[in-house]
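Notes follow the structure.
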Amino acid sequence: MFITDKMYKVNLFLPREDVTRFWDAVGRFGELQPTELRHIPRLARYLSFVDLSDLSTKLRETASFLDIDLNAPLDDPDVVPLPPDRLEGEVNDVYSEITDARARLQGLREAQRSLERELDKLTVQEAHLRLLEPLEVDIGALLHLRRFCVIAGTLPEDHLDQLDRSLHRFLHALLPYRSERHRLQLLVVCLNKDRKQVEDVLESALFRPLEIPEELSGEPKQALKALAAKKEDLLEQKRRLEDEFSKFETWRAEQRARLSDFVKINATVLAAHEQTGQTHATALATGWVPKRELHRLQKLVDNERRWVLQTEEIPYEKAKDEDGNTMPSRLHNPAFFRSFEGLVHLYGVPRYGGFDPTVLFSLSFILLFGVMFGDLGHGFVLFLAGLALVAWPGLRAGWRRTGRIFLTVGTSSMVFGCLYGSFFGYENIIPALWFHPINQINRILGYSIVLGIGIIILGIIINIWTKFIQRRYVELVFERFGALGLWFYLGALLAVYLNTKGVSISPWLILVMMFLPLFLMPLERPLKRFADRHKQHPKQAEEGGGALVTFLITGVDIFETMIVYLSNTISFVRVAAFALNHVALSVAIFQIGDMLRALPAGNVFYILTVAGGNLMILVLEGGVVAIQALRLEFYEFFSKFFEAEGTAFAPLKLKFKKEVTNA
Amino acid sequence: MSAYLLAKIRGKLSRMVEDSDLDQLVDVEPDVIVQRLQASSYAEALSETWDRPSDRLRQAFLDDVADLIHSLYEYRRALLLDVLARYRVENLKLIIRAQLHRIPSDEVRGHLFSLAWEDVDYPQLLEMPGLEAVIRALPWEEYRTRLDAVHRQVGDKQVAFPYESKLDAIYLQQLINQYQSGPMSARRILKNIVLKELLSWAFRLKGYGRSFPELVNILPDFRPVIPQDEMRHIVEDNEGWHGIGRFLGPELAGELERMDKFDLAAIEELFDRKILKVTRESFVMNPFGMGVVIGYIFIKERELSRLIEAIERARRRAQRGSDVHH
């Protein structure tokens, strides 16, 4: 629970023809993370690999076209993957169907686009003709005069004067007949011989000519009727096209239902198959399995007479295996704490053999949140919100996890609300089972520092324990947060405590309690260099600078260690600050409410202010408190021991709907 | 206007780089430029990395100017803001180009000026989905309606010119309006600034093959500073550019007359000298007027552009040197 699962490296030897069946079995077993054998030169040079990329691509394209989520659980538990030689024929058939369907869809889309373009053009023409509607003239005759040309269009209102000035050397007339949305609708009349120049000038004046079909004749009203008929015809075509689309979508849904499991299982197994190395008759698959699941894999292999399993335990002190692959870290926490794993992963994944802080993180996060946001009413609202998220049907797993976090922090907030006697900011409705923080500020400050000291000491102890498990003894003793660090911290705390009690301490005792461990800490570097002397390059071993540099670094390190411990401890004052802040904010809201009470209908204002203020506290302060609790965990707790250098364990797993529902 | 503000400007003027010093920055190494500018107000902007020095110098100038705005009120402040709208326009042009050509906002963001006196989040405009949304989000109604008119005209075409010319026209129109109704003390400087901008723009448009009637539509309504027929004569007729001499005064007009052929850069330089002359007069004749502020900004911008030119040349030379070395 506290240390990542012990992992075994496994090599599986099996007949070539069993590879597909093997990965199917492993997928159902669900606890083996395959390694990429192709990238292990030590083994890859003796093996051959089947190139299945073409098949794999076709399957993925099919999934994409049919909108199949390859990570979604499978429906039918009896579905089995096909070996590549048989799969190829099936996939080719499906893929050719999909290619045809894609071409059909493309044709439909092109037809739709072309229809829409036609309709757009018609709409523009119609709109332009409507602009000419007030003119009761034959458009055909108007647009095709022998000596004069008439150009209809629109122009920004304030450009009319400028346009008139710019055309002063051409014989022209500007005839505005309507204004709409800052644009004038107008007819420009000029001589046919000047048309080209006038059009250039019009363009520079931001004149926009109307699009009127050349073939139109008669008055605008008649022309509009002709356009309406044409539009109706296009709309009918569009409706037919929509029917086609709907039929196509029905076909696609049928194909999705038919092929979903086939595509999912074969795509998953094929990806693993590609990583399987082969010799003339035998195949080799490698991967990692957690120790606690190894017996199941052993049983699975024992049932197959021709499969051979070779295993190797990887000790915790190794973060990487002999081929340089980072060992995956598998967390194993009780169901109650799994919701908090996401928050821990925000910081990183612990290295293999590292401490998994999820349980301690969850407990301390819940505690810190409650201390900082202790209010029976607000906690109850958070609890209800959590309940709603957990019980709401159809919500994704992520929301449910968030709901469970809300439930726990809400409960903690309620408990501390009872201890503080706070209910929706009112300090006088329920009795305080412990004390009101606002009345005993020094007390809450003291408790928060004590809480902080506890968390810091816990962090150091975890670090010592982890280094012990990983057999990193030099770091265990000499590291800033190792045994010497703990000695210094406890010594400093004791000195401060005795000083506050008025006990005089001899300077020699202070030297031993506080400063001796600090002076011993710098030995870490030379000792490590000595311990690793065989692994280092001779030149590297000589590096390290002169005596002065070493002395300076040591001095700075000692000073920094003292500062870090002091600042880390003081940092926990914020816990008390937020507990007080909660009361202070509530008091401010009640005072504003009381001021508004003096107004006419003051009670209504009072209720609105108090309700709105409470909502603000819940959202704003609740959010800030959560962030601060997280900050304290990450910087004051995790920084003592957490080495976020790991990668998460990602086994090959075939999920089935039935299992997911049961889970 | 407050004596405090004027004292501040006098102080700033005293920290400016001498013309002779600027001349000495030509053809020297980047390090030497930084060294020689140690005593100037640019020292801080050049003190860190040698990364986009032009942008940083301009930004330093804008931060320096922002300081003046808070000491001005009502129409004086409006005048200064209209003069500084050039940088708003430059920002908007950049945003429009980025939106039209889908340039990733990360590449553009660093080149936007941060204008402390404007409550506009320019980087946010880069993130908006399309030009239409950008135009809708602009807080100035005039910019909104005019750019919207351009947008309707341009549609989906990826051309920036109509937007850019409209932005320049809005800016220049603001200066023309200020020339008509702003404080007397700044009018002469404003008129010359407007004339310089207007004429150089008109000649450039002509160079791109635009006819005079088209030009009338693109430029702002310039009639308050120059009658339309005179403008047409100057721009359209082959020898019309000699007519510019009327705006330059007898001494500079003589220099213009002696020019063999039309040279836009030389004409701009003549206008700059005219503006400097008018500014100096304004400092003496009306030492408490807005002319001092506008004049200071002009002088400072001129100094800045010369400095940036020297720096960019030095950078290019250094770059070439390093390429050859490799």
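Just remember, in the structure tokens the first chain shown is A, the second B, etc., residues are 1-based per chain, and ligands are 1-based in the order shown.
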
Residues within 7 Å of segment 125-139 of chain B, only C-alpha atoms, excluding chain neighbours under 2 positions, as a PDB file with N, CA, C and O atoms, in the first residue's frame:
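Result file selection12.pdb:
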```pdb
ATOM      1  N   ILE B  95      -2.470  43.192 -36.392  1.00  0.00           N
ATOM      2  CA  ILE B  95      -3.476  42.190 -36.007  1.00  0.00           C
ATOM      3  C   ILE B  95      -4.249  41.749 -37.241  1.00  0.00           C
ATOM      4  O   ILE B  95      -4.517  40.562 -37.456  1.00  0.00           O
ATOM      5  N   ILE B  96      -4.597  42.725 -38.088  1.00  0.00           N
ATOM      6  CA  ILE B  96      -5.369  42.394 -39.294  1.00  0.00           C
ATOM      7  C   ILE B  96      -4.551  41.487 -40.214  1.00  0.00           C
ATOM      8  O   ILE B  96      -5.051  40.488 -40.736  1.00  0.00           O
ATOM      9  N   GLN B  99      -4.462  38.044 -38.766  1.00  0.00           N
ATOM     10  CA  GLN B  99      -5.741  37.334 -38.914  1.00  0.00           C
ATOM     11  C   GLN B  99      -5.940  36.890 -40.360  1.00  0.00           C
ATOM     12  O   GLN B  99      -6.385  35.780 -40.603  1.00  0.00           O
ATOM     13  N   SER B 105      -0.350  33.531 -33.431  1.00  0.00           N
ATOM     14  CA  SER B 105      -0.315  34.729 -32.576  1.00  0.00           C
ATOM     15  C   SER B 105       1.008  34.861 -31.830  1.00  0.00           C
ATOM     16  O   SER B 105       1.453  35.960 -31.547  1.00  0.00           O
ATOM     17  N   ASP B 121      -7.016  45.154 -24.949  1.00  0.00           N
ATOM     18  CA  ASP B 121      -6.111  44.016 -24.829  1.00  0.00           C
ATOM     19  C   ASP B 121      -5.753  43.561 -26.248  1.00  0.00           C
ATOM     20  O   ASP B 121      -6.401  42.704 -26.828  1.00  0.00           O
ATOM     21  N   TYR B 122      -4.701  44.165 -26.808  1.00  0.00           N
ATOM     22  CA  TYR B 122      -4.361  43.852 -28.198  1.00  0.00           C
ATOM     23  C   TYR B 122      -4.020  42.366 -28.404  1.00  0.00           C
ATOM     24  O   TYR B 122      -4.497  41.761 -29.368  1.00  0.00           O
ATOM     25  N   PRO B 123      -3.192  41.759 -27.519  1.00  0.00           N
ATOM     26  CA  PRO B 123      -2.900  40.330 -27.731  1.00  0.00           C
ATOM     27  C   PRO B 123      -4.174  39.476 -27.784  1.00  0.00           C
ATOM     28  O   PRO B 123      -4.258  38.508 -28.523  1.00  0.00           O
ATOM     29  N   GLU B 141     -16.121  53.464 -31.966  1.00  0.00           N
ATOM     30  CA  GLU B 141     -17.207  53.259 -32.917  1.00  0.00           C
ATOM     31  C   GLU B 141     -16.770  53.579 -34.351  1.00  0.00           C
ATOM     32  O   GLU B 141     -17.111  52.877 -35.296  1.00  0.00           O
ATOM     33  N   ARG B 144     -14.864  50.910 -35.795  1.00  0.00           N
ATOM     34  CA  ARG B 144     -15.733  49.735 -36.009  1.00  0.00           C
ATOM     35  C   ARG B 144     -16.523  49.878 -37.300  1.00  0.00           C
ATOM     36  O   ARG B 144     -16.491  49.002 -38.159  1.00  0.00           O
ATOM     37  N   LEU B 147     -14.197  50.090 -40.526  1.00  0.00           N
ATOM     38  CA  LEU B 147     -13.561  48.814 -40.872  1.00  0.00           C
ATOM     39  C   LEU B 147     -14.607  47.771 -41.277  1.00  0.00           C
ATOM     40  O   LEU B 147     -14.354  46.915 -42.114  1.00  0.00           O
ATOM     41  N   ASP B 148     -15.781  47.887 -40.677  1.00  0.00           N
ATOM     42  CA  ASP B 148     -16.864  46.983 -41.049  1.00  0.00           C
ATOM     43  C   ASP B 148     -17.249  47.207 -42.514  1.00  0.00           C
ATOM     44  O   ASP B 148     -17.467  46.254 -43.265  1.00  0.00           O
TER      45      ASP B 148
END
```

Near segment 58-62 of chain A, counting only C-alpha atoms, which residues have an atom at most 12 Å away, once you skip same-chain residues fewer than 3 positions from it, shown as a short mmCIF file (atom, residue, chain, number, x, y, z; two decimals) with C-alpha atoms, in the first residue's frame?
```cif
data_model
loop_
_atom_site.label_atom_id
_atom_site.label_comp_id
_atom_site.auth_asym_id
_atom_site.auth_seq_id
_atom_site.Cartn_x
_atom_site.Cartn_y
_atom_site.Cartn_z
CA LEU A 52 1.73 -5.46 -39.31
CA SER A 53 1.63 -1.70 -39.74
CA ASP A 54 -0.53 -1.87 -42.87
CA LEU A 55 -3.16 -4.00 -41.15
CA PHE A 65 -14.44 6.36 -39.99
CA LEU A 66 -17.00 4.37 -38.03
CA ASP A 67 -16.42 6.48 -34.93
CA ILE A 68 -15.34 3.52 -32.80
CA ASP A 69 -13.51 4.35 -29.55
CA LEU A 70 -10.67 1.82 -29.38
CA ASN A 71 -10.31 2.33 -25.62
CA LEU A 87 -7.20 -11.22 -40.32
CA GLU A 88 -5.73 -9.76 -43.50
CA GLY A 89 -8.53 -11.09 -45.71
CA GLU A 90 -11.25 -9.93 -43.33
CA VAL A 91 -9.71 -6.49 -42.81
CA ASN A 92 -9.23 -5.99 -46.55
CA ASP A 93 -12.91 -6.75 -47.15
CA VAL A 94 -14.00 -4.35 -44.44
CA TYR A 95 -11.52 -1.71 -45.57
CA SER A 96 -12.70 -1.86 -49.20
CA GLU A 97 -16.29 -1.38 -47.94
CA ILE A 98 -15.11 1.57 -45.88
CA THR A 99 -13.20 3.06 -48.82
CA ASP A 100 -16.35 2.86 -50.97
CA ALA A 101 -18.43 4.40 -48.20
CA ARG A 102 -15.90 7.19 -47.76
CA ARG A 252 -22.72 3.65 -40.45
CA GLN A 255 -21.57 -1.16 -39.30
CA ARG A 256 -20.37 0.26 -36.01
CA LEU A 259 -17.64 -4.32 -36.34
CA SER A 260 -16.97 -2.56 -33.03
CA ASP A 261 -15.68 -5.56 -31.07
CA PHE A 262 -13.84 -7.00 -34.09
CA VAL A 263 -11.91 -3.76 -34.64
CA LYS A 264 -11.20 -3.11 -30.94
CA ILE A 265 -9.84 -6.57 -30.07
CA ASN A 266 -7.80 -6.99 -33.24
CA ALA A 267 -6.30 -3.46 -33.07
CA THR A 268 -5.26 -4.03 -29.44
CA VAL A 269 -3.81 -7.49 -30.00
CA LEU A 270 -2.10 -6.44 -33.25
CA ALA A 271 -0.27 -3.61 -31.46
#
```

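The list of residues with at least one atom within 8 Å of Leu190 of chain B, based on only C-alpha atoms and without residues fewer than 4 positions apart in the same chain, reads Leu175, Ile176, Gln178, Tyr179, Ala186 and Val194 of chain B.
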
Checklist line | Residues of chain A within 7 Å of chain B, only C-alpha atoms counted, as a PyMOL selection string | finding: chain A and resi 156+162-163+166-167+200-201+204-206+208

Next item on the list: Extract, using only C-alpha atoms, all DNA, RNA and protein residues at most 7 Å from segment 81-91 of chain B, discarding same-chain residues fewer than 5 positions from it, and format them as a VMD selection string.
Entry: chain B and resid 112 to 113 167 171 174 to 175

What does the file look like for those residues with N, CA and C atoms, as a tab-separated table (two decimals), in the first residue's frame?
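Output file out_36.tsv is given in full below:
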```tsv
chain	number	residue	atom	x	y	z
B	112	LEU	N	3.61	43.72	-30.99
B	112	LEU	CA	2.53	44.68	-30.70
B	112	LEU	C	3.03	45.69	-29.67
B	113	PHE	N	2.66	46.95	-29.86
B	113	PHE	CA	3.03	47.96	-28.88
B	113	PHE	C	2.09	47.86	-27.70
B	167	LEU	N	-7.39	52.54	-42.13
B	167	LEU	CA	-6.86	52.91	-40.80
B	167	LEU	C	-6.00	54.16	-40.89
B	171	TYR	N	-6.71	57.84	-39.11
B	171	TYR	CA	-5.70	58.53	-38.30
B	171	TYR	C	-5.45	59.94	-38.82
B	174	GLN	N	-8.24	62.36	-38.26
B	174	GLN	CA	-8.26	62.86	-36.87
B	174	GLN	C	-7.30	64.05	-36.74
B	175	LEU	N	-6.13	63.93	-37.37
B	175	LEU	CA	-5.16	65.03	-37.29
B	175	LEU	C	-5.69	66.26	-38.03
```

Note to self: Between atom CA of Gly218 of chain A and atom CA of Glu180 of chain A, what is the distance in Å, rounded to a tenth?
What the structure shows: 24.9 Å

Notebook entry, point to check: Can you list, as an MDAnalysis selection string, every protein, DNA or RNA residue that comes within 9 Å of segment 402-407 of chain A when you count only C-alpha atoms, leaving out same-chain residues fewer than 6 positions away?
Noted result: chainID A and resid 336 339:340 366 379:380 382:391

Take the residues from that selection and put them in a file with N, CA, C and O atoms, as a PDB file, in the first residue's frame.
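That gives us result-v2.pdb:
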```pdb
ATOM      1  N   PHE A 336     -11.121   3.297  -1.242  1.00  0.00           N
ATOM      2  CA  PHE A 336     -11.519   4.604  -0.701  1.00  0.00           C
ATOM      3  C   PHE A 336     -10.536   5.700  -1.128  1.00  0.00           C
ATOM      4  O   PHE A 336     -10.910   6.834  -1.370  1.00  0.00           O
ATOM      5  N   SER A 339      -9.557   7.676  -5.368  1.00  0.00           N
ATOM      6  CA  SER A 339      -9.997   8.951  -5.959  1.00  0.00           C
ATOM      7  C   SER A 339      -8.905  10.000  -5.845  1.00  0.00           C
ATOM      8  O   SER A 339      -8.857  10.936  -6.637  1.00  0.00           O
ATOM      9  N   PHE A 340      -8.025   9.854  -4.835  1.00  0.00           N
ATOM     10  CA  PHE A 340      -7.000  10.871  -4.614  1.00  0.00           C
ATOM     11  C   PHE A 340      -5.732  10.627  -5.449  1.00  0.00           C
ATOM     12  O   PHE A 340      -4.833  11.453  -5.448  1.00  0.00           O
ATOM     13  N   ILE A 366      -7.559  15.769   3.645  1.00  0.00           N
ATOM     14  CA  ILE A 366      -8.896  15.870   4.246  1.00  0.00           C
ATOM     15  C   ILE A 366      -8.810  16.653   5.566  1.00  0.00           C
ATOM     16  O   ILE A 366      -9.628  17.539   5.841  1.00  0.00           O
ATOM     17  N   GLY A 379     -19.785  22.645   4.713  1.00  0.00           N
ATOM     18  CA  GLY A 379     -19.354  21.259   4.547  1.00  0.00           C
ATOM     19  C   GLY A 379     -20.508  20.399   4.053  1.00  0.00           C
ATOM     20  O   GLY A 379     -20.324  19.549   3.178  1.00  0.00           O
ATOM     21  N   PHE A 380     -21.707  20.675   4.580  1.00  0.00           N
ATOM     22  CA  PHE A 380     -22.880  19.891   4.172  1.00  0.00           C
ATOM     23  C   PHE A 380     -23.185  20.118   2.684  1.00  0.00           C
ATOM     24  O   PHE A 380     -23.526  19.175   1.958  1.00  0.00           O
ATOM     25  N   LEU A 382     -21.009  20.919   0.387  1.00  0.00           N
ATOM     26  CA  LEU A 382     -19.981  20.168  -0.368  1.00  0.00           C
ATOM     27  C   LEU A 382     -20.306  18.677  -0.377  1.00  0.00           C
ATOM     28  O   LEU A 382     -20.169  17.999  -1.391  1.00  0.00           O
ATOM     29  N   PHE A 383     -20.761  18.190   0.761  1.00  0.00           N
ATOM     30  CA  PHE A 383     -21.129  16.771   0.893  1.00  0.00           C
ATOM     31  C   PHE A 383     -22.260  16.436  -0.090  1.00  0.00           C
ATOM     32  O   PHE A 383     -22.210  15.432  -0.801  1.00  0.00           O
ATOM     33  N   LEU A 384     -23.287  17.323  -0.128  1.00  0.00           N
ATOM     34  CA  LEU A 384     -24.415  17.089  -1.043  1.00  0.00           C
ATOM     35  C   LEU A 384     -23.951  17.127  -2.495  1.00  0.00           C
ATOM     36  O   LEU A 384     -24.392  16.318  -3.321  1.00  0.00           O
ATOM     37  N   ALA A 385     -23.067  18.083  -2.801  1.00  0.00           N
ATOM     38  CA  ALA A 385     -22.555  18.175  -4.177  1.00  0.00           C
ATOM     39  C   ALA A 385     -21.830  16.882  -4.537  1.00  0.00           C
ATOM     40  O   ALA A 385     -21.993  16.344  -5.645  1.00  0.00           O
ATOM     41  N   GLY A 386     -21.029  16.373  -3.588  1.00  0.00           N
ATOM     42  CA  GLY A 386     -20.307  15.119  -3.822  1.00  0.00           C
ATOM     43  C   GLY A 386     -21.273  13.968  -4.032  1.00  0.00           C
ATOM     44  O   GLY A 386     -21.095  13.154  -4.947  1.00  0.00           O
ATOM     45  N   LEU A 387     -22.319  13.939  -3.199  1.00  0.00           N
ATOM     46  CA  LEU A 387     -23.318  12.872  -3.295  1.00  0.00           C
ATOM     47  C   LEU A 387     -23.979  12.891  -4.671  1.00  0.00           C
ATOM     48  O   LEU A 387     -24.188  11.854  -5.309  1.00  0.00           O
ATOM     49  N   ALA A 388     -24.310  14.114  -5.128  1.00  0.00           N
ATOM     50  CA  ALA A 388     -24.969  14.259  -6.434  1.00  0.00           C
ATOM     51  C   ALA A 388     -24.050  13.739  -7.536  1.00  0.00           C
ATOM     52  O   ALA A 388     -24.492  13.036  -8.454  1.00  0.00           O
ATOM     53  N   LEU A 389     -22.750  14.083  -7.458  1.00  0.00           N
ATOM     54  CA  LEU A 389     -21.817  13.650  -8.514  1.00  0.00           C
ATOM     55  C   LEU A 389     -21.641  12.132  -8.504  1.00  0.00           C
ATOM     56  O   LEU A 389     -21.518  11.500  -9.553  1.00  0.00           O
ATOM     57  N   VAL A 390     -21.637  11.551  -7.317  1.00  0.00           N
ATOM     58  CA  VAL A 390     -21.444  10.095  -7.225  1.00  0.00           C
ATOM     59  C   VAL A 390     -22.697   9.350  -7.694  1.00  0.00           C
ATOM     60  O   VAL A 390     -22.609   8.349  -8.416  1.00  0.00           O
ATOM     61  N   ALA A 391     -23.865   9.889  -7.352  1.00  0.00           N
ATOM     62  CA  ALA A 391     -25.101   9.139  -7.629  1.00  0.00           C
ATOM     63  C   ALA A 391     -25.720   9.477  -8.978  1.00  0.00           C
ATOM     64  O   ALA A 391     -26.577   8.754  -9.467  1.00  0.00           O
TER      65      ALA A 391
END
```

Notebook entry, point to check: Can you list every residue in segment 64-290 of chain B that DSSP puts in alpha helix (DSSP H), as an MDAnalysis selection string?
Noted result: chainID B and resid 64:69 74:100 105:109 122:127 131:137 141:154 161:181 184:207 212:218 228:236 245:257 264:285 290
